[in-house]
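This report refers to the structure that appears directly beneath it.
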Amino acid sequence: MSGAAFRRVPGERVLAEAAAVRHRGGGGGGSVRGTLYCTNLRVAFVPALGAQAPSSRTFLHSEYDVALPCIRKLVAASSFAKPKVLTAASSLKFVPEELAVHCRDFRVLRFLFHESGLQPQAFRVATAIAQAREAAAWPGDAETALEDDDDDEEDEDEDEEEEEEEEGPTLLFESLRDWEKELKRQGAAGWRVSAVNERFDMATSLPKYLWVPSRLLDKDLKRAFAHFEERRVPRLCWHHPGGSDLLRAAGFHGASDPQREDVRCLEALMLAGHGQCVLVEAAAELPSLAELQLAHLKLRALCLPDSPVADDKWLSALEATRWLEHVRACVRKASEVVSLLAGRRCSVVLQESDDRDLNCLLASLAQLLADPHARTLPGFQSLVQREWVAAGHPFGRRLGLGRPSPRDEAPVFLLFLDCTWQLVRQFPACFGFTESYLLALHDSSFVPYFSTFLFNCQWQQGRTGQHRASGQTYTPVSGWREPVAVAGGGRGGAPSRWPPTVWDWRLRYSRQQRARFRNPAGPRGGSAPVGPTAPQPGGGGGSAAGAGAVWVLAKGALWPQPQPFPWRSKRLPRWVPSLESLGEPEPEPERGPGSSPLPAPPPRGPLLPCAAGPAIRLWRRCYLRAVPEGQRGRFAPSPAGLAEELRLLQERLRAWRPAAPRGPEEPAR
Amino acid sequence: MLGSGAKAAKPSFVSYISPEEIHIKEPIEKEVNPRLLPGELLLCEANTVYKYIQEDGSNRGTYGKLVCTNFKIAFLDEDSASDDNEPQFKNKIVGENDITLQCVDQIYGVYDEKKKLLTGQLRKYPEKLIIYCKDLRVFHFCLRYTKEEEVKRIVSGIVHHSQTPKLLKRLFLFSYASAAPNNTDGRNQTVMFDTLEDWRDELERTKGNVKYKAVVTNEGYRVSEKLPLYFVVPICVSEESILKFQGRGIPIWCWSCHNGAALLKMSAFPKEQDDSTSQMQKAFLDGIYKTISKPPYELLKTDDLSSSLPSLQDIQTAYTRFKQLFLIDNSTDFWATDVKWFSLLESTNWLEIIRRFLKKAIEVAECLERQHTNVLLIEESATDLCCVISSLVQVMMDSYSRTKSGFQSLIQKEWVTGGHGFLDRCNHLHKTDKEEAPVFLLLLNCVWQLVQQYPPAFEFTETYLTVLSDSLYVPIFSTFFFNSQHQKDTNTTGESLKIQSGPFKFLTVWDWSVQFEPKAQALLSNPLYAEKPKPDKSQRKTTRFKHQRQLSLPLTQTKSSPKRGFFREETDHLIKNLLGKRIGKFINSSDEPHNSFREFYDSWHSKPVDYHGLLLPCIDGPEIKVWAQRYLRWIPEAQLHGGGTIATAAKILDLMEEVQSLQVKMDEEHSQAISRDVQAVPMLRNSARLSSLFPFALHQRQSIKPALPTSTWKDLEDEDDLVKRDDEFVDLTGDML
């Protein structure tokens with residue numbers, strides 16, 4: 001009875017199981033027979049042998065699998081009683097005939113028991129799920145659940161010996177090397193990696209390494225920390241090949257009392273050698289976290305299969321969720337930032353009060369628009385790793401997978417994925433990855449096995465890791481070995497890694513599924529370097545140091561900001577453009593009138609997405625997954641399929657040539 | 001030309017160009033002459049007309065000549081004289097700056113910043129002319145620098161020729177046909193349904209010839225001028241009964257399903273005051289129902305479309321509101337509507353109408369496919385809503401209708417020969433606005449939903465549908481310019497006003513080479529069309545393949561047969577005892593249809609799609625979408641440079657090409673045959689430079705500004721630096737693209 005095909009994660013225990021359960025595809029359509037398991041980590045359904053092969057049916061094999069923290073609601077129904085929402089506290093008073101699992105990732109799994117005639121099992125499983133969910137092990141804080149080793153051998157298909165990703169590795173930005181490598185790739189002369197925060201003694205939520213202007217010494221840099229919220233100082237995100245720089249920072253710390261010397265450092269940090277600096281208030285025109293969460297909840301309610309909204313009122317209901325409005329606002333703001341960067345040489349500083357939410361979103365969206373490398377698969381993964389994971393986006397709190405504090409929940413990362421999807425949809429030929437990939441990432445963010453989305457910052461991750469290492473050494477079973485290959489050997493000699501990063505896609509997705517992550521119609525040549533970057537006077541020159549114009553981007557326009565800092569102190573020099581810099585017309589001599597408009601135009605311009613109403617769509621493959629018609633039969637022969645056919649044909653031709661038989665066999669279509 | 005008294009530009013938005021600059025930009029008066037088609041006459045013209053380039057909301061534009069002929073309104077500038085900027089996807093008949101007279105929707109004049117609708121007589125002449133087109137283009141012409149008498153002539157000329165009632169014979173169609181003798185056969189593979197053979201072939205193709213016959217009763221239009229010369233009725237219907245009420249009350253065959261069930265249509269009797277007449281009609285109808293409900297005919301289900309679907313008036317109202325969302329004067333308007341986009345869209349009701357028609361078509365398909373019931377569509381004239389539903393049903397059920405020639409034949413059968421009043425519904429002659437209703441456009445919109453939901457099932461692309469919808473307004477093709485076959489016949493052979501009184505030979509729209517070069521035509525075919533396996537190998541296998549889905553519903557089959565028997569008895573009983581009652585109503589009124597519809601719909605959607613079998617559209621709220629290509633194509637704010645589906649389409653075409661060439665290579669090695677050169681599609685090569693609006697974007701040389709409005713930099717610069725800076729800014733993005 002125990003499913004031969006049921007593979008357990010190390011440390012996973014089956015709490016209850018029910019055989020001969022039917023998983024209903026929804027809509028009165030076909031259902032699949034199989035066994036339902038409840039473990040201490042997840043609810044899993046394993047189709048019986050001979051049932052439809054899952055890979056041929058749907059894209060994600062996770063269709064049947066849901067991690068316990070990902071369950072939002074559990075409803076038991078029977079023909080004799082009213083449907084009941086199950087919690088650990090409530091006791092089930094009837095034998096359920098159907099169990100509906102509402103997931104946070106918009107899925108609704110329905111399991112039917114009535115045919116099996118094994119009613120005690122149905123009862124047991126339902127109760128077990130309700131209780132396990134409450135007591136769900138949270139690998140981040142309660143590793144005990146994972147420690148008792150199972151000798152149950154994983155028979156991971158060993159034919160999945162992965163060929164090394166040809167496009168280069170995903171940088172995790174945990175080591176100095178990764179930061180240096182990326183800085184070099186961006187061609188950011190005038191910037192250096194500072195290890196000032198290596199022990200997290202400057203700011204716990206910041207990464208170990210920071211990109212700061214080369215001219216600024218660490219001792220000067222240290223002066224700046226105190227004047228920002230959470231001590232998150234301005235630092236480089238991305239260097240535009242045209243010379244501009246994108247920075248991000250937290251809000252100014254209102255209570256601090258900066259010295260004259262401190263202000264000089266702040267200026268140097270923010271101007272980064274440019275004559276002009278534009279402050280972009282990230283929160284302006286973008287939704288607050290609470291609004292975001294509300295929109296997401298409304299969207300989820302709307303997309304449920306039994307949503308009460310009539311078809312002819314669907315569009316206005318969609319509008320009323322305001323989710324797409326928020327998506328549009330983000331896309332629009334990111335493109336404003338990008339056109340600032342591309343338009344003239346300056347430094348653009350994204351500023352958010354704590355620099356851990358919308359800044360992550362804006363910084364990464366802007367790079368997606370402007371940097372072709374970020375649109376490759378490894379480039380995108382590195383981007384998420386740098387701007388979200390390393391930068392300290394509080395994934396644990398925002399995704400709401402942890403048990404406490406639902407009020408911190410806000411789907412900022414999911415909003416980012418939606419924005420990315422919009423871009424992929426608008427520019428399908430510019431991305432190395434596909435919608436399927438984004439969907440997989442979306443789903444994975446609810447799976448609490450991955451270090452990527454578990455922690456709130458690098459510091460926390462480090463602490464948990466140390467704790468683990470001192471406790472017990474984990475012997476990897478074959479399927480879950482340390483994913484050094486993915487990290488690209490960046491961390492030589494690092495201890496074995498548990499939990500793994502999400503980027504090790506082999507853990508959850510088959511080879512065929514992973515093949516659909518890559519966009520064959522995407523840009524050729526993968527990670528093209530960002531092109532020849534003429535050494536810019538921007539970072540190194542330092543001629544305009546100490547004085548410059550500061551502008552604020554608001555409502556799509558720039559406003560001069562004579563007083564950039566909030567501290568009203570007579571001791572401070574007034575922040576106005578100095579006379580010299582006023583005398584110079586523009587600190588961009590190459591772009592004089594009449595001459596060619598740009599000295600060295602970037603190899604490829606930024607994508608300019610359309611944020612207009614008709615152009616921003618609902619990500620239906622993600623949000624409408626619970627509605628079966630929305631999903632089924634929609635996968636047209638993709639370019640991937642076509643490419644596959646091409647490969648087959650070529651192979652045939654090659655095989656056929658030497659033999660050269662006279663057989664009238666036609667090429668298979 | 002530019003009068004010394006040219007006032008300073010005083011437009012509603014910030015002008016970056018002073019009149020002086022305009023003076024500089026003014027072209028050296030180079031004589032540009034319009035290219036005229038055969039039979040086309042120049043009626044009036046005006047020089048130094050300034051055409052705004054709408055894109056950037058500034059007053060940028062070009063000078064040129066505005067002309068009005070008996071075919072079109074055209075704007076000619078120096079660019080159009082040189083052929084360097086040949087757009088990639090070019091219509092040979094209607095150019096980028098041409099508006100056929102039938103394509104003009106509304107004309108507004110601007111007087112002191114106020115817009116006024118121009119119709120008929122004018123007292124005062126406007127300083128600006130705004131032309132809204134039926135294909136959703138918007139043209140802004142400034143007449144401020146034009147001579148006064150030229151303004152008078154051109155404005156009244158345009159208004160007169162495009163907005164006032166016209167005689168049919170004055171359509172350009174006739175001048176063109178008499179001036180350009182049409183030698184092309186024009187038939188290609190499209191079945192025109194103007195001969196008896198065409199109908200017989202169609203009967204044979206659908207295996208309807210056992211129970212239905214093509215009749216010649218209407219030769220010489222003895223029965224009715226509204227009916228086609230030849231049509232198909234059940235074998236048991238006699239000639240007398242056809243003649244009795246001019247074809248009313250006669251079920252006319254549209255199509256037969258593989259299981260023998262047929263789709264029929266019937267024009268209903270008008271509401272009769274006279275009691276005895278209505279009594280007589282009732283008796284007649286009952287007789288007809290009785291004969292065609294007997295074996296071998298299937299059970300009959302009637303559906304009165306005028307009561308179960310939105311009326312023509314509803315359709316017209318919804319479309320009028322809907323198109324307003326896309327007829328946009330400037331980008332300020334666009335962003336104003338943008339905020340409430342979805343609720344505005346919903347309030348037009350247009351998408352809801354599309355949904356209801358699709359739903360009705362699914363219901364009909366369910367009766368035919370699963371209940372093996374004949375379906376009789378009833379409508380006053382059987383030429384409007386009937387056409388939409390019957391065409392949709394065929395597109396959904398008959399994979400032949402999803403090929404290009406099959407679809408064209410379908411349009412011929414149901415619409416052109418079927419007697420849809422194109423002339424009245426499109427209001428080509430401006431006789432009365434009351435008859436206008438975009439019924440055919442509604443069909444294209446519904447088919448588009450299917451095309452975008454199941455692209456591999458269709459041999460044609462959405463571009464094909466868009467181009468087809470544009471062809472509605474090109475009066476050189478006879479296809480969409482008659483109300484019936486009778487009207488066409490009498491006007492073709494009849495007494496002509498022209499010198500040549502011989503019969504006209506009209507072009508048909510299906511001859512796409514008239515409008516497009518071969519490489520542009522390539523965009524009309526879907527490279528990813530899942531072609532049906534060749535039927536010549538084993539006929540049986542293919543037919544089974546085709547009905548696979550139907551066979552895979554064993555439950556319904558076993559269930560439905562006893563039910564049918566029961567129903568049959570019941571119907572007979574009814575006919576015997578309740579004469580005078582509408583049977584259809586009885587059958588319809590049972591509560592069964594809705595549930596079985598849902599069941600049918602759901603069970604179909606839970607199975608993988610067979611692209612050659614039955615195809616049901618998803619009609620849930622999120623699934624009905626706006627036909628972006630048709631409606632957004634002229635709106636620069638919705639444009640994506642280097643984006644859109646076209647970006648991958650190029651790659652797909654490349655791949656297809658390679659696959660094809662490999663297959664050719666393999667064939668070659670087989671038979672040592674001479675290689676056929678594979679048709680390349682060179683047009684899409686440089687896809688990175690194309691925009692999402694391809695192939696329809698205005699082929700402007702200027703590029704779009706980045707998302708950041710210019711006002712941003714305005715604060716940075718001095719006022720006089722502004723113009724230069726703005727130019728630079730635009731150039732910059734041009735380089736980056």
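Chain labels A, B, ... are given in the sequence in which chains occur in the structure tokens; within each chain residues are numbered consecutively from 1, and ligands are likewise numbered from 1 in the order shown.
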| request: Looking only at strand (DSSP E or B) from DSSP on the backbone, list the matching residues of segment 255-422 of chain B as a ChimeraX atom specification. | output: /B:255-256,262-267,300-304,374-379
| query | segment 214-230 of chain B: which residues within 10 Å, counting only C-alpha atoms, same-chain residues fewer than 6 positions away excluded, as a VMD selection string? | reply | chain B and resid 193 to 200 202 to 203 238 to 240 242 to 248 252 to 253 381 to 383 413 416 to 421 483 to 487 489
May I have the selected residues written with N, CA and C atoms, as a compact mmCIF listing (two decimals), in the first residue's frame?
```txt
# COMPACT_ATOMS: atom_id res chain seq x y z
N PHE B 193 -20.30 29.57 -54.18
CA PHE B 193 -21.69 29.21 -53.94
C PHE B 193 -22.65 29.98 -54.83
N ASP B 194 -22.20 30.28 -56.04
CA ASP B 194 -23.14 30.90 -56.96
C ASP B 194 -23.58 29.93 -58.06
N THR B 195 -23.17 28.69 -57.96
CA THR B 195 -23.66 27.69 -58.90
C THR B 195 -24.28 26.53 -58.13
N LEU B 196 -25.08 25.78 -58.84
CA LEU B 196 -25.73 24.61 -58.24
C LEU B 196 -24.67 23.58 -57.81
N GLU B 197 -23.62 23.48 -58.62
CA GLU B 197 -22.57 22.48 -58.33
C GLU B 197 -21.92 22.76 -56.98
N ASP B 198 -21.68 24.05 -56.71
CA ASP B 198 -21.03 24.40 -55.45
C ASP B 198 -21.84 23.86 -54.28
N TRP B 199 -23.15 24.01 -54.36
CA TRP B 199 -24.01 23.54 -53.26
C TRP B 199 -24.01 22.03 -53.20
N ARG B 200 -24.03 21.41 -54.37
CA ARG B 200 -24.04 19.95 -54.37
C ARG B 200 -22.73 19.41 -53.80
N GLU B 202 -20.87 20.86 -51.66
CA GLU B 202 -20.87 21.09 -50.21
C GLU B 202 -21.73 20.04 -49.51
N LEU B 203 -22.86 19.71 -50.10
CA LEU B 203 -23.71 18.66 -49.53
C LEU B 203 -22.95 17.34 -49.47
N SER B 238 -41.57 20.53 -50.48
CA SER B 238 -41.98 20.61 -51.89
C SER B 238 -41.77 22.01 -52.44
N GLU B 239 -41.77 22.08 -53.74
CA GLU B 239 -41.56 23.37 -54.41
C GLU B 239 -42.69 24.35 -54.10
N GLU B 240 -43.90 23.82 -54.03
CA GLU B 240 -45.05 24.70 -53.77
C GLU B 240 -44.90 25.39 -52.42
N ILE B 242 -42.25 26.04 -50.88
CA ILE B 242 -41.20 27.07 -50.92
C ILE B 242 -41.77 28.35 -51.50
N LEU B 243 -42.59 28.19 -52.55
CA LEU B 243 -43.12 29.36 -53.23
C LEU B 243 -44.21 30.05 -52.42
N LYS B 244 -44.84 29.29 -51.54
CA LYS B 244 -46.06 29.79 -50.91
C LYS B 244 -45.87 31.11 -50.17
N PHE B 245 -44.86 31.18 -49.36
CA PHE B 245 -44.66 32.43 -48.59
C PHE B 245 -43.31 33.09 -48.93
N GLN B 246 -42.95 33.08 -50.17
CA GLN B 246 -41.68 33.67 -50.62
C GLN B 246 -40.49 33.15 -49.81
N GLY B 247 -40.53 31.88 -49.54
CA GLY B 247 -39.38 31.29 -48.87
C GLY B 247 -39.41 31.42 -47.36
N ARG B 248 -40.34 32.19 -46.83
CA ARG B 248 -40.43 32.27 -45.38
C ARG B 248 -40.99 30.97 -44.82
N ILE B 252 -33.89 26.23 -44.22
CA ILE B 252 -32.82 26.21 -45.22
C ILE B 252 -31.56 25.65 -44.58
N TRP B 253 -30.96 24.73 -45.29
CA TRP B 253 -29.83 23.98 -44.75
C TRP B 253 -28.57 24.84 -44.72
N SER B 381 -35.17 37.79 -40.81
CA SER B 381 -34.76 37.65 -42.20
C SER B 381 -33.74 36.53 -42.39
N ALA B 382 -33.26 35.97 -41.29
CA ALA B 382 -32.26 34.91 -41.33
C ALA B 382 -30.98 35.34 -42.02
N THR B 383 -30.66 36.63 -41.97
CA THR B 383 -29.42 37.06 -42.62
C THR B 383 -28.51 37.85 -41.69
N LYS B 413 -20.68 31.36 -48.37
CA LYS B 413 -21.92 30.59 -48.23
C LYS B 413 -22.91 31.30 -47.31
N VAL B 416 -22.18 36.18 -48.00
CA VAL B 416 -22.27 36.88 -49.28
C VAL B 416 -23.44 36.33 -50.08
N THR B 417 -23.41 35.02 -50.36
CA THR B 417 -24.53 34.43 -51.08
C THR B 417 -25.74 34.33 -50.17
N GLY B 418 -25.48 34.09 -48.91
CA GLY B 418 -26.56 33.94 -47.94
C GLY B 418 -27.42 35.19 -47.79
N GLY B 419 -26.93 36.31 -48.27
CA GLY B 419 -27.79 37.49 -48.31
C GLY B 419 -27.67 38.42 -47.12
N HIS B 420 -26.52 38.46 -46.48
CA HIS B 420 -26.34 39.45 -45.43
C HIS B 420 -26.26 40.83 -46.08
N GLY B 421 -26.98 41.77 -45.50
CA GLY B 421 -27.05 43.09 -46.12
C GLY B 421 -25.85 43.95 -45.81
N ASN B 483 -26.26 43.93 -51.01
CA ASN B 483 -27.12 43.42 -49.96
C ASN B 483 -27.52 41.97 -50.20
N SER B 484 -27.50 41.56 -51.46
CA SER B 484 -27.91 40.20 -51.77
C SER B 484 -27.35 39.81 -53.13
N GLN B 485 -27.49 38.52 -53.40
CA GLN B 485 -27.03 38.04 -54.69
C GLN B 485 -27.89 38.66 -55.80
N HIS B 486 -29.16 38.83 -55.50
CA HIS B 486 -30.05 39.41 -56.50
C HIS B 486 -29.62 40.83 -56.85
N GLN B 487 -29.31 41.61 -55.82
CA GLN B 487 -28.88 42.97 -56.08
C GLN B 487 -27.61 43.01 -56.91
N ASP B 489 -26.57 40.64 -58.99
CA ASP B 489 -26.86 40.18 -60.34
C ASP B 489 -27.51 41.26 -61.17
```
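Atom CA of Ala522 of chain B lies 27.1 Å from atom CA of Leu173 of chain B.
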| task | Find, counting only C-alpha atoms, the residue in B:Phe407, B:Phe342, B:Phe357, B:Phe174 that gets nearest to chain A. | result | B:Phe342
| task | Work out how far atom CA of Cys254 of chain B is from atom CA of His372 of chain B, in Å to one decimal. | result |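 Computing it gives 15.7 Å between the two atoms.
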| Which of these residues is nearest to chain B, using only C-alpha atoms: A:Ala122, A:Ala320, A:Leu299, A:Leu507? |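 Looking only at the distances to chain B, the closest residue turns out to be A:Ala320.
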| message | So that I can check the surroundings of Leu309 of chain B, please list as an NGL selection string every protein, DNA and RNA residue that reaches within 12 Å of it, counting only C-alpha atoms and ignoring chain neighbours fewer than 5 positions away. | response | :B and (303-304 or 314-315 or 352-361 or 377-379 or 384-386 or 388-389)
